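Only one structure is covered here, and it is reproduced in the block below.
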Amino acid sequence: MELLKQRDLVSMIYRLGLAGGRIAEAARLMERDFPGMIRMKADISGSTYSDIYGGYLAALNSLFLTVVEDGPGIFNAINQAGPKSEFYVPLFTGNNPIVGQVVEEGAGIPLISFSRDAGGLVPKKVAAGAVFTDDSLRTQSGAENAVRELSQGVILARDISLCGDLISGAGLTRAATADVLADLKALADAVNQSGFGYFFWAYSPGAANYLATLTGSGGNLVFPDATLQGGVILGIPALVSRALTDLDSLLLLDARTIVTGASGIEVKWSSAAAVEMADNPAMHSVTPASPTGKITSLFQTECSCLLGILSSAWKIMKASGVGVLTDLSAAWAIGSEVQSS
């Protein structure tokens with residue numbers, strides 16, 4: 001039986017809250033309220049139709065993966081439109097496109113050579129965690145908040161790492177100027193070389209605010225189809241991501257030149273652990289270090305910690321598939337009321 005993505009993930013987190021984090025009790029509540037819902041063939045090996053406990057964990061992780069992968073992230077857009085691969089599988093790369101030619105009878109057909117990337121996709125572990133009071137997770141709204149914050153945290157963390165790699169591996173990097181159209185055309189000239197790509201822009205909320213309100217001669221909008229959430233720029237879809245705020249850059253991407261892969265989703269829950277309450281925790285199992293702040297007992301404070309963990313990977317197959325416009329804030333006066341005329 002299919003689960004309905006975020007709504008059902010909220011239901012499962014909510015019942016975990018009611019059950020105080022006890023998986024078996026949460027599974028019993030789900031089975032009581034939604035008969036047969038988790039009596040499915042689990043994706044995780046070792047679980048069976050009758051294994052409610054294992055089925056619950058498998059369904060929980062499967063739903064979280066679905067919610068994350070259906071999110072509005074830059075990785076998700078590339079993953080849906082571009083090539084995909086398993087981890088560590090050799091890849092074939094090349095900056096020269098295959099171009100067919102008219103061949104005379106008996107003549108040899110021209111070939112294009114490709115380079116082999118023996119390493120393939122190397123996964124990065126992407127994770128996000130949050131601490132919630134037990135009382136808040138015993139409410140539907142609290143469970144909704146937990147799902148939203150956890151999924152958005154994973155999406156954002158992955159996009160920050162992805163965008164950093166895309167910028168460092170771009171075929172063209174250009175500093176922004178006051179001439180926005182010239183800037184965007186330079187990226188288009190660099191990336192749109194075959195006409196067969198799947199293109200989209202990616203930029204920060206500040207850049208979105210600027211482009212959506214940019215006016216030209218006569219007070220007309222330069223990009224009438226641009227919105228605060230992206231919209232369309234020069235006929236190309238635009239994605240807005242907070243991941244690009246600190247990077248202060250705008251990207252033009254050809255998704256078909258970027259290989260992606262993702263797997264290994266896991267949701268972890270604990271109400272008895274001790275956690276370092278910091279967004280830059282110093283604790284490390286390989287190189288032990290003292291925590292940056294106080295260690296808090298979840299049991300003593302009647303709280304629970306939710307962790308969302310997955311492995312993702314990406315690789316630029318052709319540098320010409322990425323164009324970057326840097327230093328937006330200075331050139332476009334992002335964040336102020338100054339606007340081009």
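Note on naming: chains are A, B, ... as they come in the structure tokens, residues start from 1 per chain, ligands start from 1 in the order shown.
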Sel. of strand (DSSP E) residues, stretch 142-189 of chain A, as JSON, numbers by chain:
{"A": [172, 173, 174, 175]}
Take the residues from that selection and write them out as a PDB file, in the first residue's frame, keeping N, CA and C atoms.
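Listed below is the output, out-v7.pdb:
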```pdb
ATOM      1  N   LEU A 172      33.026  28.755 -16.769  1.00  0.00           N
ATOM      2  CA  LEU A 172      33.130  30.210 -16.858  1.00  0.00           C
ATOM      3  C   LEU A 172      32.765  30.818 -15.516  1.00  0.00           C
ATOM      4  N   THR A 173      33.622  31.694 -15.026  1.00  0.00           N
ATOM      5  CA  THR A 173      33.326  32.481 -13.829  1.00  0.00           C
ATOM      6  C   THR A 173      33.526  33.944 -14.187  1.00  0.00           C
ATOM      7  N   ARG A 174      32.507  34.757 -13.949  1.00  0.00           N
ATOM      8  CA  ARG A 174      32.529  36.155 -14.365  1.00  0.00           C
ATOM      9  C   ARG A 174      31.986  37.006 -13.226  1.00  0.00           C
ATOM     10  N   ALA A 175      32.649  38.107 -12.936  1.00  0.00           N
ATOM     11  CA  ALA A 175      32.165  39.031 -11.927  1.00  0.00           C
ATOM     12  C   ALA A 175      30.992  39.817 -12.481  1.00  0.00           C
TER      13      ALA A 175
END
```
Shell around A:Leu156 at 12 Å using only C-alpha atoms, local window under 2 positions removed, as a PyMOL selection string:
chain A and resi 68-69+71-76+126-128+148-154+158-163+240-245
Would you kindly return, as a PyMOL selection string, each protein, DNA or RNA residue with an atom no farther than 10 Å from any atom of A:Glu25, considering only C-alpha atoms and excluding same-chain residues fewer than 6 positions away?
chain A and resi 15-16+18-19+31+53
Grab the residues selected above and save them as a CSV table (one decimal), in the first residue's frame with C-alpha atoms.
```csv
chain,number,residue,atom,x,y,z
A,15,ARG,CA,2.8,8.7,16.7
A,16,LEU,CA,6.5,8.3,17.6
A,18,LEU,CA,2.8,9.8,21.4
A,19,ALA,CA,4.8,6.6,21.9
A,31,GLU,CA,-1.6,-0.2,12.8
A,53,TYR,CA,8.7,-3.0,13.6
```
Near stretch 306-316 of chain A, within 8 Å and counting only C-alpha atoms, which residues show up once chain neighbours fewer than 3 positions away are dropped, as a PyMOL selection string?
chain A and resi 87+121-132+146+150-151+154+158+162+166+169+257-270+319+321
Select from stretch 18-257 of chain A everything DSSP, run on the backbone, classes as alpha helix (DSSP H), then give the selection as a PyMOL selection string.
chain A and resi 18+23-33+52-69+74-81+134-137+140-168+180-191+205-213
Hey, what's within 10 Å of A:Gly142 if we count only C-alpha atoms and toss same-chain stuff fewer than 3 positions away? As an NGL selection string, please?
:A and (10 or 13-14 or 17 or 132-139 or 145-148)
Emit the selected residues as a JSON list (two decimals), in the first residue's frame, including C-alpha atoms.
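Just written: part_1.json:
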```
[["chain", "number", "residue", "atom", "x", "y", "z"],
["A", 10, "VAL", "CA", 3.93, 13.58, 9.75],
["A", 13, "ILE", "CA", 6.47, 11.21, 13.55],
["A", 14, "TYR", "CA", 3.36, 12.24, 15.50],
["A", 17, "GLY", "CA", 5.89, 11.35, 19.81],
["A", 132, "PHE", "CA", 12.15, 19.12, 20.16],
["A", 133, "THR", "CA", 10.28, 19.02, 23.44],
["A", 134, "ASP", "CA", 8.37, 15.80, 23.91],
["A", 135, "ASP", "CA", 5.15, 17.75, 24.43],
["A", 136, "SER", "CA", 5.48, 19.47, 21.04],
["A", 137, "LEU", "CA", 5.92, 16.15, 19.23],
["A", 138, "ARG", "CA", 2.69, 14.85, 20.76],
["A", 139, "THR", "CA", 0.76, 17.32, 18.62],
["A", 145, "ASN", "CA", 7.17, 21.34, 12.17],
["A", 146, "ALA", "CA", 9.64, 18.54, 12.85],
["A", 147, "VAL", "CA", 9.21, 17.08, 9.35],
["A", 148, "ARG", "CA", 9.48, 20.49, 7.70]]
```
Find the distance between atom CA of A:Ala282 and atom CA of A:Gly21 and write it in Å to one decimal.
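Rounded to one decimal, the two atoms are 26.5 Å apart.
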Skip A:Thr296 itself and residues of its chain fewer than 4 positions away, then list as a PyMOL selection string all residues within 8 Å of it, counting only C-alpha atoms.
chain A and resi 274-277+301
One decimal, in Å: what's the spacing between atom CA of A:Leu65 and atom CA of A:Leu29?
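It comes out at 22.4 Å.
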Could you state the separation of atom CA of A:Ala238 and atom CA of A:Glu144 in Å, given to one decimal place?
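Taking atom CA of A:Ala238 as the start and atom CA of A:Glu144 as the end point, the length is 27.6 Å.
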From the list A:Ser271, A:Gly106, A:Asn280, A:Leu91, which residue is nearest A:Ile23 when using only C-alpha atoms?
A:Ser271
